[in-house]
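The file coords.txt contains compact mmCIF, C-alpha atoms:
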```txt
# COMPACT_ATOMS: atom_id res chain seq x y z
CA MET A 26 0.00 0.00 0.00
CA ASP A 27 1.39 3.40 -0.94
CA VAL A 28 1.20 6.45 1.28
CA ALA A 29 0.91 9.92 -0.21
CA LEU A 30 4.00 11.85 0.83
CA LYS A 31 4.77 15.54 1.02
CA PRO A 32 8.45 16.05 0.19
CA VAL A 33 9.92 18.67 2.46
CA LYS A 34 11.94 20.46 -0.19
CA HIS A 35 9.63 22.94 -1.88
CA SER A 36 6.70 20.86 -0.60
CA ALA A 37 4.32 23.82 -0.53
CA GLN A 38 4.52 25.50 -3.87
CA GLY A 39 4.95 29.24 -3.74
CA PRO A 40 7.54 31.99 -3.74
CA TYR A 41 8.63 31.69 -0.11
CA LEU A 42 9.74 28.03 0.17
CA GLY A 43 6.27 27.05 1.29
CA PHE A 44 5.96 29.57 4.13
CA GLY A 45 3.90 32.69 4.61
CA LEU A 46 5.57 36.07 4.37
CA GLN A 47 5.50 36.79 8.11
CA PRO A 48 7.67 33.80 9.17
CA VAL A 49 10.12 34.65 6.39
CA ARG A 50 10.49 38.20 7.66
CA MET A 51 10.69 37.01 11.25
CA CYS A 52 13.56 34.67 10.37
CA ARG A 53 15.31 37.48 8.50
CA HIS A 54 15.08 39.79 11.51
CA LEU A 55 16.18 37.06 13.94
CA LEU A 56 19.31 36.46 11.90
CA ARG A 57 20.15 40.14 11.39
CA CYS A 58 19.07 41.82 14.62
CA GLN A 59 21.61 43.29 17.02
CA THR A 60 22.90 41.52 20.09
CA GLY A 61 20.31 41.32 22.84
CA ALA A 62 17.33 41.97 20.56
CA GLN A 63 14.18 39.86 20.33
CA VAL A 64 11.70 39.39 17.48
CA SER A 65 7.95 38.86 17.85
CA LEU A 66 5.26 37.62 15.48
CA GLU A 67 1.78 39.16 15.55
CA LEU A 68 2.35 40.78 18.92
CA LEU A 69 2.78 44.51 18.26
CA ASP A 70 2.41 44.06 14.50
CA ASP A 71 2.91 41.37 11.88
CA VAL A 72 6.57 41.31 12.94
CA ALA A 73 8.44 43.48 15.45
CA VAL A 74 12.06 43.80 16.58
CA HIS A 75 12.45 44.60 20.28
CA TYR A 76 15.74 46.22 21.27
CA PRO A 77 17.45 46.11 24.69
CA ASN A 78 16.93 49.86 25.18
CA GLY A 79 13.15 49.46 24.94
CA SER A 80 12.74 50.75 21.40
CA VAL A 81 10.92 48.68 18.76
CA ASP A 82 10.66 48.40 15.00
CA VAL A 83 7.15 47.36 14.02
CA GLU A 84 6.65 45.95 10.57
CA GLN A 85 3.51 45.40 8.56
CA THR A 86 4.02 42.85 5.76
CA LYS A 87 2.02 42.75 2.54
CA SER A 88 2.05 40.20 -0.25
CA ALA A 89 1.37 41.95 -3.54
CA THR A 90 0.92 38.96 -5.81
CA ARG A 91 -2.59 39.99 -6.89
CA LYS A 92 -2.91 43.74 -6.40
CA ASN A 93 -0.90 46.72 -5.28
CA PRO A 94 -1.41 47.22 -1.53
CA VAL A 95 0.36 50.59 -1.59
CA SER A 96 -1.54 52.32 -4.36
CA ASP A 97 -2.62 55.81 -3.29
CA TRP A 98 -6.14 54.87 -2.23
CA SER A 99 -5.43 51.31 -1.13
CA ILE A 100 -7.41 50.20 1.89
CA GLU A 101 -4.41 48.14 3.01
CA LEU A 102 -2.12 51.17 3.00
CA TRP A 103 -4.39 53.38 5.06
CA LYS A 104 -5.51 50.60 7.38
CA THR A 105 -1.84 50.17 8.28
CA PHE A 106 -1.41 53.86 9.13
CA SER A 107 -4.74 53.92 10.97
CA ASN A 108 -3.75 50.92 13.08
CA TRP A 109 -0.43 52.53 13.99
CA ALA A 110 -2.20 55.73 15.02
CA GLU A 111 -4.63 53.75 17.19
CA ALA A 112 -1.75 51.83 18.78
CA LEU A 113 -0.05 55.10 19.71
CA ALA A 114 -3.29 56.49 21.11
CA ALA A 115 -3.81 53.35 23.21
CA GLY A 116 -0.26 53.44 24.54
CA GLU A 117 0.56 50.10 22.91
CA LEU A 118 3.40 51.83 21.05
CA ILE A 119 5.59 54.58 22.48
CA ALA A 120 6.04 57.62 20.25
CA ASN A 121 9.75 58.27 20.80
CA LYS A 122 10.70 54.58 20.85
CA THR A 123 8.99 53.20 17.73
CA ARG A 124 9.92 52.97 14.07
CA PHE A 125 7.33 51.93 11.50
CA THR A 126 7.97 49.75 8.44
CA LEU A 127 5.74 48.65 5.61
CA TYR A 128 7.25 45.73 3.71
CA VAL A 129 5.76 44.73 0.36
CA THR A 130 6.74 41.97 -2.06
CA PRO A 131 6.78 41.56 -5.07
CA GLN A 132 7.99 45.07 -5.83
CA ARG A 133 5.27 47.72 -5.84
CA THR A 134 5.13 51.47 -5.29
CA GLY A 135 2.78 54.42 -5.13
CA GLU A 136 3.01 58.20 -5.09
CA PHE A 137 1.69 58.63 -1.55
CA VAL A 138 3.73 55.85 0.05
CA SER A 139 6.92 57.13 -1.60
CA ALA A 140 6.26 60.64 -0.35
CA LEU A 141 5.48 59.38 3.16
CA HIS A 142 8.73 57.41 3.14
CA ALA A 143 10.75 60.46 2.08
CA ALA A 144 9.28 62.85 4.67
CA THR A 145 11.41 63.15 7.82
CA THR A 146 11.22 66.75 9.03
CA ILE A 147 8.20 68.57 10.45
CA GLU A 148 8.01 70.69 7.30
CA GLU A 149 8.12 67.66 5.00
CA VAL A 150 5.50 65.80 7.04
CA THR A 151 3.21 68.85 6.99
CA ALA A 152 3.65 69.18 3.23
CA VAL A 153 2.88 65.55 2.43
CA LEU A 154 -0.22 65.57 4.63
CA ALA A 155 -1.44 68.74 2.95
CA TYR A 156 -0.87 67.17 -0.46
CA ILE A 157 -2.83 64.01 0.44
CA LYS A 158 -5.70 66.09 1.85
CA SER A 159 -5.83 68.20 -1.32
CA LYS A 160 -5.99 65.09 -3.51
CA LEU A 161 -8.68 63.65 -1.26
CA ALA A 162 -10.77 66.82 -1.48
CA ARG A 163 -10.84 66.59 -5.28
CA LEU A 164 -12.30 63.08 -5.32
CA ARG A 165 -15.88 62.94 -6.51
CA GLU A 166 -16.70 59.48 -5.22
CA PRO A 167 -16.00 57.96 -1.80
CA ARG A 168 -13.25 55.40 -1.60
CA GLU A 169 -13.11 52.09 0.24
CA CYS A 170 -10.15 53.41 2.23
CA ASP A 171 -11.95 56.54 3.48
CA THR A 172 -12.65 55.27 7.00
CA TYR A 173 -9.01 54.37 7.64
CA LEU A 174 -7.59 57.38 5.80
CA ASN A 175 -9.78 59.81 7.75
CA ASN A 176 -8.94 58.05 10.98
CA PHE A 177 -5.26 58.70 10.36
CA LEU A 178 -5.81 62.25 9.12
CA ASN A 179 -7.84 62.99 12.27
CA ALA A 180 -5.23 61.53 14.60
CA PRO A 181 -3.31 63.93 16.89
CA PRO A 182 -0.71 65.85 14.86
CA GLU A 183 2.09 64.60 17.10
CA HIS A 184 1.11 61.01 16.29
CA GLN A 185 1.03 61.76 12.58
CA GLN A 186 4.44 63.37 12.88
CA THR A 187 5.84 60.40 14.83
CA ILE A 188 4.59 57.80 12.37
CA ILE A 189 5.56 59.55 9.14
CA SER A 190 8.97 60.80 10.27
CA ASN A 191 9.85 57.29 11.46
CA PHE A 192 8.27 55.47 8.53
CA ARG A 193 10.13 53.23 6.10
CA PHE A 194 8.69 51.67 2.97
CA ILE A 195 10.56 48.60 1.69
CA SER A 196 9.68 46.95 -1.59
CA ASP A 197 12.94 46.11 -3.29
CA THR A 198 12.71 42.42 -4.17
CA ASP A 199 10.41 39.77 -5.57
CA ASP A 200 12.10 37.15 -3.39
CA PRO A 201 12.01 37.87 0.35
CA VAL A 202 14.08 34.75 1.05
CA ALA A 203 17.02 36.30 -0.82
CA GLU A 204 18.24 38.19 2.25
CA ILE A 205 18.43 34.97 4.24
CA ARG A 206 20.11 33.18 1.35
CA GLU A 207 22.76 35.90 1.12
CA LEU A 208 23.75 35.30 4.74
CA ILE A 209 24.84 31.72 4.01
CA ALA A 210 25.85 31.97 0.34
CA ALA A 211 29.56 32.55 0.91
CA THR A 212 30.15 29.44 3.03
CA VAL A 213 27.46 26.91 2.09
CA ASN A 214 27.08 24.59 -0.89
CA PRO A 215 24.54 26.24 -3.24
CA ALA A 216 22.63 22.95 -3.43
CA LEU A 217 21.79 23.41 0.26
CA TRP A 218 20.74 27.07 0.23
CA ASP A 219 16.99 26.62 -0.06
CA ASP A 220 16.91 23.74 2.41
CA ILE A 221 18.83 25.70 5.02
CA CYS A 222 16.65 28.77 4.47
CA ALA A 223 13.55 26.62 4.79
CA TYR A 224 14.92 25.15 8.01
CA GLY A 225 15.52 28.61 9.49
CA ILE A 226 12.09 29.90 8.53
CA GLY A 227 10.45 26.72 9.78
CA LEU A 228 12.39 26.91 13.03
CA ALA A 229 11.18 30.46 13.65
CA LYS A 230 7.58 29.47 12.93
CA GLU A 231 7.68 26.25 14.96
CA ARG A 232 9.17 27.93 18.03
CA THR A 233 6.68 30.77 17.83
CA ASP A 234 3.77 28.35 17.42
CA ARG A 235 5.02 26.40 20.43
CA ARG A 236 5.06 29.52 22.59
CA ILE A 237 1.52 30.33 21.52
CA ARG A 238 0.41 26.78 22.40
CA ASP A 239 2.09 27.22 25.79
CA LYS A 240 0.21 30.52 26.23
CA LEU A 241 3.42 32.55 26.12
CA ALA A 242 4.14 35.71 24.16
CA PRO A 243 5.13 34.87 20.57
CA ILE A 244 8.60 36.41 20.88
CA LEU A 245 12.01 34.79 20.30
CA ASP A 246 15.51 35.67 21.45
CA GLY A 247 17.70 36.68 18.51
CA ASP A 248 21.00 35.57 20.05
CA ARG A 249 19.76 32.07 20.79
CA PHE A 250 18.16 31.73 17.37
CA LYS A 251 21.36 32.81 15.60
CA SER A 252 23.38 30.34 17.67
CA ASP A 253 21.04 27.43 16.89
CA PHE A 254 20.87 28.35 13.22
CA ARG A 255 24.67 28.61 13.03
CA LEU A 256 25.07 25.15 14.56
CA PHE A 257 22.62 23.71 12.05
CA VAL A 258 24.47 25.29 9.14
CA GLN A 259 27.80 23.98 10.41
CA LYS A 260 26.38 20.50 10.85
CA THR A 261 24.63 20.51 7.48
CA ASN A 262 27.69 21.75 5.67
CA THR A 263 29.87 18.98 7.12
CA PRO A 264 30.65 16.38 4.40
CA ALA A 265 30.74 13.47 6.88
CA LEU A 266 27.14 14.02 7.93
CA LEU A 267 23.86 13.84 6.04
CA THR A 268 21.56 16.23 7.85
CA SER A 269 17.79 15.94 7.86
CA PHE A 270 15.85 19.03 6.87
CA THR A 271 12.61 17.65 8.27
CA THR A 272 10.80 18.03 11.54
CA ALA A 273 8.23 15.72 13.11
CA PRO A 274 5.01 15.71 11.05
CA PRO A 275 1.95 17.29 12.73
CA PRO A 276 -0.36 14.99 14.71
CA ALA A 277 -3.14 15.24 12.11
CA GLU A 278 -0.85 13.93 9.38
CA LEU A 279 0.39 11.09 11.60
CA LYS A 280 -3.17 10.14 12.48
CA ALA A 281 -4.23 10.13 8.83
CA VAL A 282 -1.45 7.71 7.89
CA VAL A 283 -2.16 5.42 10.85
CA GLU A 284 -5.84 5.29 9.95
CA SER A 285 -5.06 4.53 6.29
CA ARG A 286 -3.20 1.38 7.46
CA PRO A 287 -0.48 1.09 4.80
CA ALA A 288 1.47 -2.16 4.62
CA PHE A 289 4.13 -1.17 7.14
CA ILE A 290 1.41 -0.36 9.71
CA GLN A 291 -0.23 -3.73 9.05
CA GLN A 292 3.17 -5.34 9.61
CA LEU A 293 3.40 -3.69 13.02
CA GLU A 294 -0.14 -4.78 13.85
CA LEU A 295 0.83 -8.39 13.17
CA ILE A 296 3.44 -8.30 15.94
CA GLY A 297 1.38 -6.20 18.35
CA VAL A 298 3.68 -3.25 19.04
CA GLU A 299 2.61 -0.39 21.30
CA ASN A 300 0.70 2.54 19.81
CA SER A 301 3.60 4.88 20.63
CA GLU A 302 5.87 2.70 18.48
CA VAL A 303 3.38 2.90 15.61
CA VAL A 304 3.32 6.70 15.82
CA ARG A 305 7.12 6.85 15.87
CA ALA A 306 7.25 4.48 12.88
CA VAL A 307 4.92 6.74 10.87
CA SER A 308 6.88 9.87 11.78
CA ASP A 309 10.24 8.31 10.90
CA TYR A 310 8.85 6.81 7.69
CA LEU A 311 7.52 10.16 6.48
CA ARG A 312 10.70 12.02 7.45
CA THR A 313 12.90 9.41 5.79
CA SER A 314 10.91 9.50 2.56
CA ALA A 315 11.23 13.29 2.49
CA ASP A 316 14.95 13.13 3.29
CA LYS A 317 15.59 10.75 0.41
CA THR A 318 13.86 13.13 -1.98
CA THR A 319 15.67 16.18 -0.62
CA TRP A 320 19.12 14.62 -0.62
CA ALA A 321 18.69 13.23 -4.12
CA GLU A 322 17.44 16.55 -5.52
CA ALA A 323 20.31 18.39 -3.83
CA GLY A 324 22.85 15.97 -5.30
CA LEU A 325 23.95 14.81 -1.85
CA VAL A 326 23.27 11.15 -2.57
CA PHE A 327 22.89 9.13 -5.76
CA GLU A 328 19.99 6.88 -6.61
CA GLU A 329 22.39 3.94 -6.82
CA SER A 330 23.52 4.68 -3.26
CA LEU A 331 19.93 4.48 -2.03
CA SER A 332 19.51 1.12 -3.78
CA ASP A 333 22.71 -0.16 -2.14
CA TRP A 334 21.40 1.18 1.17
CA ASP A 335 18.19 -0.84 0.84
CA GLU A 336 20.15 -3.98 0.00
CA PHE A 337 22.38 -3.42 3.03
CA LEU A 338 19.37 -3.07 5.35
CA ILE A 339 17.72 -6.16 3.91
CA ALA A 340 20.91 -8.12 4.55
CA ARG A 341 21.19 -6.80 8.12
CA HIS A 342 17.53 -7.63 8.70
CA GLY A 343 18.23 -11.20 7.61
CA SER A 344 21.19 -11.48 9.98
CA ILE A 345 19.25 -10.11 12.94
CA LYS A 346 16.31 -12.36 12.11
CA GLY A 347 18.62 -15.35 12.25
CA GLU A 348 20.02 -14.28 15.61
CA VAL A 349 16.52 -13.86 17.03
CA ALA A 350 15.54 -17.31 15.78
CA ASP A 351 18.64 -18.89 17.34
CA LEU A 352 18.26 -17.17 20.69
CA HIS A 353 14.48 -16.99 21.02
CA GLY A 354 13.14 -19.79 18.86
CA GLU A 355 10.89 -21.01 21.64
CA LYS A 356 9.00 -17.73 21.84
CA GLU A 357 5.76 -17.02 20.00
CA ALA A 358 5.98 -15.66 16.48
CA ASN A 359 4.70 -12.17 17.36
CA VAL A 360 7.22 -11.89 20.21
CA ARG A 361 10.08 -12.86 17.87
CA GLY A 362 8.74 -10.27 15.44
CA ARG A 363 8.86 -7.53 18.07
CA LEU A 364 12.41 -8.48 19.04
CA LEU A 365 13.47 -8.36 15.39
CA TYR A 366 11.73 -5.04 14.81
CA ARG A 367 13.17 -3.35 17.87
CA GLN A 368 16.72 -4.48 17.15
CA CYS A 369 16.44 -3.12 13.61
CA ALA A 370 14.87 0.10 14.92
CA LYS A 371 17.85 0.90 17.14
CA MET A 372 20.50 -0.01 14.57
CA GLU A 373 23.01 2.64 13.45
CA ALA A 374 24.52 2.74 9.98
CA ALA A 375 26.22 5.05 7.48
CA LEU A 376 25.11 5.94 3.96
CA ASP A 377 27.99 6.44 1.51
CA GLY A 378 30.31 6.61 4.50
CA ARG A 379 28.33 9.48 6.07
CA SER A 380 26.36 9.40 9.28
CA VAL A 381 22.58 9.69 8.98
CA PRO A 382 19.98 10.90 11.50
CA SER A 383 18.63 8.29 13.91
CA HIS A 384 15.17 8.36 12.34
CA PHE A 385 16.56 7.55 8.90
CA VAL A 386 17.58 3.95 9.60
CA HIS A 387 14.29 3.21 11.34
CA GLY A 388 12.29 4.97 8.64
CA SER A 389 14.15 3.08 5.91
CA PHE A 390 13.30 -0.26 7.51
CA ASN A 391 9.63 0.73 7.59
CA ASP A 392 9.85 1.84 3.98
CA LEU A 393 11.12 -1.61 3.03
CA ALA A 394 8.41 -3.17 5.18
CA ASN A 395 5.85 -1.08 3.32
CA LEU A 396 7.17 -2.52 0.06
CA LEU A 397 7.07 -6.01 1.64
CA LYS A 398 10.76 -6.47 0.88
CA LEU A 399 11.16 -7.52 4.50
CA GLY A 400 8.90 -8.15 7.47
CA TRP A 401 8.75 -8.68 11.19
CA HIS A 402 6.35 -11.56 11.75
CA PRO A 403 7.87 -14.82 10.47
CA ASP A 404 4.78 -15.40 8.32
CA TYR A 405 4.15 -11.79 7.29
CA ALA A 406 3.97 -12.53 3.54
CA ALA A 407 1.32 -15.20 3.92
CA LEU A 408 -0.64 -13.25 6.52
CA LEU A 409 -0.73 -10.15 4.37
CA GLY A 410 -1.69 -12.18 1.32
CA ASP A 411 1.28 -11.08 -0.79
CA THR A 412 3.06 -13.27 -3.32
CA HIS A 413 6.48 -11.66 -2.85
CA HIS A 414 9.02 -13.12 -0.47
CA GLU A 415 12.33 -11.96 0.95
```
Full structure transcribed into structure tokens:
Amino acid sequence: MDVALKPVKHSAQGPYLGFGLQPVRMCRHLLRCQTGAQVSLELLDDVAVHYPNGSVDVEQTKSATRKNPVSDWSIELWKTFSNWAEALAAGELIANKTRFTLYVTPQRTGEFVSALHAATTIEEVTAVLAYIKSKLARLREPRECDTYLNNFLNAPPEHQQTIISNFRFISDTDDPVAEIRELIAATVNPALWDDICAYGIGLAKERTDRRIRDKLAPILDGDRFKSDFRLFVQKTNTPALLTSFTTAPPPAELKAVVESRPAFIQQLELIGVENSEVVRAVSDYLRTSADKTTWAEAGLVFEESLSDWDEFLIARHGSIKGEVADLHGEKEANVRGRLLYRQCAKMEAALDGRSVPSHFVHGSFNDLANLLKLGWHPDYAALLGDTHHE
């Protein structure tokens, strides 16, 4: 029985390695922020950088794949400015400690947003506000943005001054991952760039999601993140080690595979393993399948090497099976099957002379069990009604 897999590399099609724009920007800020800074997601804004001195950079992110969110009368543009004004009024943001950024990708621009970006002095802010009001007065029909635009234009002048004079508009690339890629480009094999970027973005998202689940503020320490990311890059870029780019699949995906009862699950049912072992088998199987795809696409392993790997595991399975039969021949068949399975599950091995993650050996055995190239119960082939034998 085949199981539908989602390869990790480029698994979710899209411009940001399968992630939303906010986690990409969060990862970028975590890797580039100054010592002692923290980065939050959807706390003060879409993304925010919190500095040790108490100042913050709040950033609103916009994906412009369908329309221009910074056109002069865009509801998204003026909702952003309105929200910032309301945050200042509520004391959620501090006027002299906040900088405001609007990040848009792919590249877009507009007359108003460019003028707002360029205004820094009181005189320039006054001039750009007057210009926007004059353009608004000449409109014959109401606009969808009117509520938000008027909310900002009616905000206290000091709040308008604070926001505009500390406002940055960034829309200089169609690929927001490029900044992350540039950080590793000089020292990392190009074949690994996207995988390492995806790992960093995924790490930022997973840790933030975990904090939210634990009812903690969705904010991460930049120094710790950079240290962990650096260690991963060093490990991944080490020729003697094949590094997994996967994380444990979500519970819903694990449950779906268990309930579909592919052949390797049926094999485990025959020998009566614990439910926790079944869940681990599914997780390792999915991660291993994704790793094989990723490593092959990146040119880290050859297809022939994976075939040799399968043959090696089948041979080791046969040797362990013989040992179990010699030492425990008096035990029931399902007990011998569990002993065989668990010895294979804890086995360590190298692929092309390089170490592999612990889940990879276990997942590879379950992959072979799914193909019925090996089994755990002595009579697995007959019990599963298959005509193939070891």
For this session: Can you work out which one of A:Ser308, A:Ser99, A:Asp253, A:Thr86 has the shortest atom-to-atom distance to Ala281 in chain A, counting only C-alpha atoms?
Result: A:Ser308
For this session: Might you pull out every residue within 7 Å of range 176-192 of chain A, with all atoms listed in the file counted and same-chain residues fewer than 2 positions away left off, and present them as a PyMOL selection string?
Result: chain A and resi 106-107+110+113+120+124-126+141-142+144-147+150+172-174+194
Problem set entry | Atom-to-atom span, CA of Val129 in chain A and CA of Ser196 in chain A, Å |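 Those two atoms sit 4.9 Å apart.
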Exercise. Mind pulling up the distance from CA of Gly388 in chain A to CA of Ala350 in chain A?
Worked result: 23.6 Å
Problem set entry | Sphere at (17.1, -4.0, 1.9), radius 10 Å, counting all atoms listed in the file: residues as a ChimeraX atom specification | /A:331-343,389-390,392-394,398-399,415
For this session: Identify which of the residues A:Val283, A:Gln85, A:Asn175, A:Leu397 lies closest to Ala162 in chain A, counting all atoms listed in the file when measuring atom-to-atom distances.
Result: A:Asn175
Problem set entry | Exercise: Val153 in chain A partners within 9 Å, only C-alpha atoms, chain neighbours under 2 positions left out, as a ChimeraX atom specification | /A:137,140-141,144,148-151,155-158
Range 315-319 of chain A surroundings by all atoms listed in the file, 12 Å radius, close-in-sequence under 2 positions cut, as a CSV table (one decimal) with C-alpha atoms, in the frame of the given file:
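To be explicit, this is the file written out as result-v6.csv:
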```csv
chain,number,residue,atom,x,y,z
A,29,ALA,CA,0.9,9.9,-0.2
A,30,LEU,CA,4.0,11.8,0.8
A,31,LYS,CA,4.8,15.5,1.0
A,32,PRO,CA,8.4,16.0,0.2
A,33,VAL,CA,9.9,18.7,2.5
A,34,LYS,CA,11.9,20.5,-0.2
A,35,HIS,CA,9.6,22.9,-1.9
A,36,SER,CA,6.7,20.9,-0.6
A,216,ALA,CA,22.6,23.0,-3.4
A,217,LEU,CA,21.8,23.4,0.3
A,219,ASP,CA,17.0,26.6,-0.1
A,220,ASP,CA,16.9,23.7,2.4
A,221,ILE,CA,18.8,25.7,5.0
A,223,ALA,CA,13.6,26.6,4.8
A,267,LEU,CA,23.9,13.8,6.0
A,268,THR,CA,21.6,16.2,7.8
A,269,SER,CA,17.8,15.9,7.9
A,270,PHE,CA,15.8,19.0,6.9
A,271,THR,CA,12.6,17.6,8.3
A,272,THR,CA,10.8,18.0,11.5
A,273,ALA,CA,8.2,15.7,13.1
A,274,PRO,CA,5.0,15.7,11.0
A,308,SER,CA,6.9,9.9,11.8
A,309,ASP,CA,10.2,8.3,10.9
A,310,TYR,CA,8.8,6.8,7.7
A,311,LEU,CA,7.5,10.2,6.5
A,312,ARG,CA,10.7,12.0,7.4
A,313,THR,CA,12.9,9.4,5.8
A,321,ALA,CA,18.7,13.2,-4.1
A,322,GLU,CA,17.4,16.6,-5.5
A,323,ALA,CA,20.3,18.4,-3.8
A,324,GLY,CA,22.8,16.0,-5.3
A,325,LEU,CA,24.0,14.8,-1.8
A,326,VAL,CA,23.3,11.2,-2.6
A,327,PHE,CA,22.9,9.1,-5.8
A,328,GLU,CA,20.0,6.9,-6.6
A,330,SER,CA,23.5,4.7,-3.3
A,331,LEU,CA,19.9,4.5,-2.0
A,332,SER,CA,19.5,1.1,-3.8
A,334,TRP,CA,21.4,1.2,1.2
A,335,ASP,CA,18.2,-0.8,0.8
A,376,LEU,CA,25.1,5.9,4.0
A,381,VAL,CA,22.6,9.7,9.0
A,382,PRO,CA,20.0,10.9,11.5
A,384,HIS,CA,15.2,8.4,12.3
A,385,PHE,CA,16.6,7.6,8.9
A,386,VAL,CA,17.6,4.0,9.6
A,388,GLY,CA,12.3,5.0,8.6
A,389,SER,CA,14.2,3.1,5.9
A,392,ASP,CA,9.8,1.8,4.0
```
Exercise. Between A:Thr105, A:Asn359, A:Leu295, A:Leu266, which has the minimum distance to Ala374 in chain A (counting all atoms listed in the file)?
Worked result: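 Closest to Ala374 in chain A of all the choices is A:Leu266.
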Problem set entry | Interatomic distance (Å, one decimal) between CA of Ala112 in chain A and CA of Arg50 in chain A | 21.4 Å
Exercise. Nearest to Met372 in chain A among A:His387, A:Gly347, A:Ile100, A:Leu68, with distances taken over only C-alpha atoms: which residue is it?
Worked result: A:His387
9 Å contact set for Val81 in chain A, all atoms listed in the file, chain neighbours under 3 positions out, as a PDB file with C-alpha atoms, keeping the file's coordinate frame:
```pdb
ATOM      1  CA  ALA A  73       8.440  43.480  15.450  1.00  0.00           C
ATOM      2  CA  VAL A  74      12.060  43.800  16.580  1.00  0.00           C
ATOM      3  CA  HIS A  75      12.450  44.600  20.280  1.00  0.00           C
ATOM      4  CA  TYR A  76      15.740  46.220  21.270  1.00  0.00           C
ATOM      5  CA  ASN A  78      16.930  49.860  25.180  1.00  0.00           C
ATOM      6  CA  LEU A 118       3.400  51.830  21.050  1.00  0.00           C
ATOM      7  CA  ILE A 119       5.590  54.580  22.480  1.00  0.00           C
ATOM      8  CA  LYS A 122      10.700  54.580  20.850  1.00  0.00           C
ATOM      9  CA  THR A 123       8.990  53.200  17.730  1.00  0.00           C
ATOM     10  CA  ARG A 124       9.920  52.970  14.070  1.00  0.00           C
ATOM     11  CA  PHE A 125       7.330  51.930  11.500  1.00  0.00           C
TER      12      PHE A 125
END
```
For this session: Excluding Gly362 in chain A and residues on its chain fewer than 2 positions from it, collect all residues at most 6 Å away from it, counting all atoms listed in the file, and give them as a PyMOL selection string.
Result: chain A and resi 296+359-360+364-365+401-402
Problem set entry | Minimum-distance residue to Ala62 in chain A, chosen among A:Asn395, A:Gln47, A:Asn93, A:Ser80 (using all atoms listed in the file) |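 Once distances to Ala62 in chain A are computed over all atoms listed in the file, the minimum belongs to A:Ser80.
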Exercise. When distances are computed from only C-alpha atoms, which of A:Ser383, A:Leu279, A:Phe254, A:Asp248 shows the smallest separation from Lys371 in chain A?
Worked result: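 Selected residue with least distance to Lys371 in chain A: A:Ser383.
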What would range 76-87 of chain A look like with N, CA and C atoms restored, written as a PDB file, in the frame of the given file?
```
ATOM      1  N   TYR A  76      14.348  45.966  20.939  1.00  0.00           N
ATOM      2  CA  TYR A  76      15.740  46.220  21.270  1.00  0.00           C
ATOM      3  C   TYR A  76      15.947  46.328  22.772  1.00  0.00           C
ATOM      4  N   PRO A  77      17.181  46.081  23.242  1.00  0.00           N
ATOM      5  CA  PRO A  77      17.450  46.110  24.690  1.00  0.00           C
ATOM      6  C   PRO A  77      17.126  47.444  25.348  1.00  0.00           C
ATOM      7  N   ASN A  78      17.197  48.543  24.595  1.00  0.00           N
ATOM      8  CA  ASN A  78      16.930  49.860  25.180  1.00  0.00           C
ATOM      9  C   ASN A  78      15.444  50.199  25.253  1.00  0.00           C
ATOM     10  N   GLY A  79      14.592  49.246  24.872  1.00  0.00           N
ATOM     11  CA  GLY A  79      13.150  49.460  24.940  1.00  0.00           C
ATOM     12  C   GLY A  79      12.513  49.961  23.673  1.00  0.00           C
ATOM     13  N   SER A  80      13.305  50.304  22.672  1.00  0.00           N
ATOM     14  CA  SER A  80      12.740  50.750  21.400  1.00  0.00           C
ATOM     15  C   SER A  80      12.312  49.541  20.565  1.00  0.00           C
ATOM     16  N   VAL A  81      11.410  49.765  19.607  1.00  0.00           N
ATOM     17  CA  VAL A  81      10.920  48.680  18.760  1.00  0.00           C
ATOM     18  C   VAL A  81      10.809  49.148  17.311  1.00  0.00           C
ATOM     19  N   ASP A  82      10.987  48.206  16.416  1.00  0.00           N
ATOM     20  CA  ASP A  82      10.660  48.400  15.000  1.00  0.00           C
ATOM     21  C   ASP A  82       9.447  47.533  14.714  1.00  0.00           C
ATOM     22  N   VAL A  83       8.329  48.149  14.381  1.00  0.00           N
ATOM     23  CA  VAL A  83       7.150  47.360  14.020  1.00  0.00           C
ATOM     24  C   VAL A  83       7.046  47.306  12.514  1.00  0.00           C
ATOM     25  N   GLU A  84       6.678  46.146  12.020  1.00  0.00           N
ATOM     26  CA  GLU A  84       6.650  45.950  10.570  1.00  0.00           C
ATOM     27  C   GLU A  84       5.342  45.308  10.141  1.00  0.00           C
ATOM     28  N   GLN A  85       4.694  45.944   9.205  1.00  0.00           N
ATOM     29  CA  GLN A  85       3.510  45.400   8.560  1.00  0.00           C
ATOM     30  C   GLN A  85       3.958  44.798   7.232  1.00  0.00           C
ATOM     31  N   THR A  86       3.598  43.536   6.979  1.00  0.00           N
ATOM     32  CA  THR A  86       4.020  42.850   5.760  1.00  0.00           C
ATOM     33  C   THR A  86       2.833  42.670   4.822  1.00  0.00           C
ATOM     34  N   LYS A  87       3.079  42.884   3.540  1.00  0.00           N
ATOM     35  CA  LYS A  87       2.020  42.750   2.540  1.00  0.00           C
ATOM     36  C   LYS A  87       2.522  41.950   1.349  1.00  0.00           C
TER      37      LYS A  87
END
```
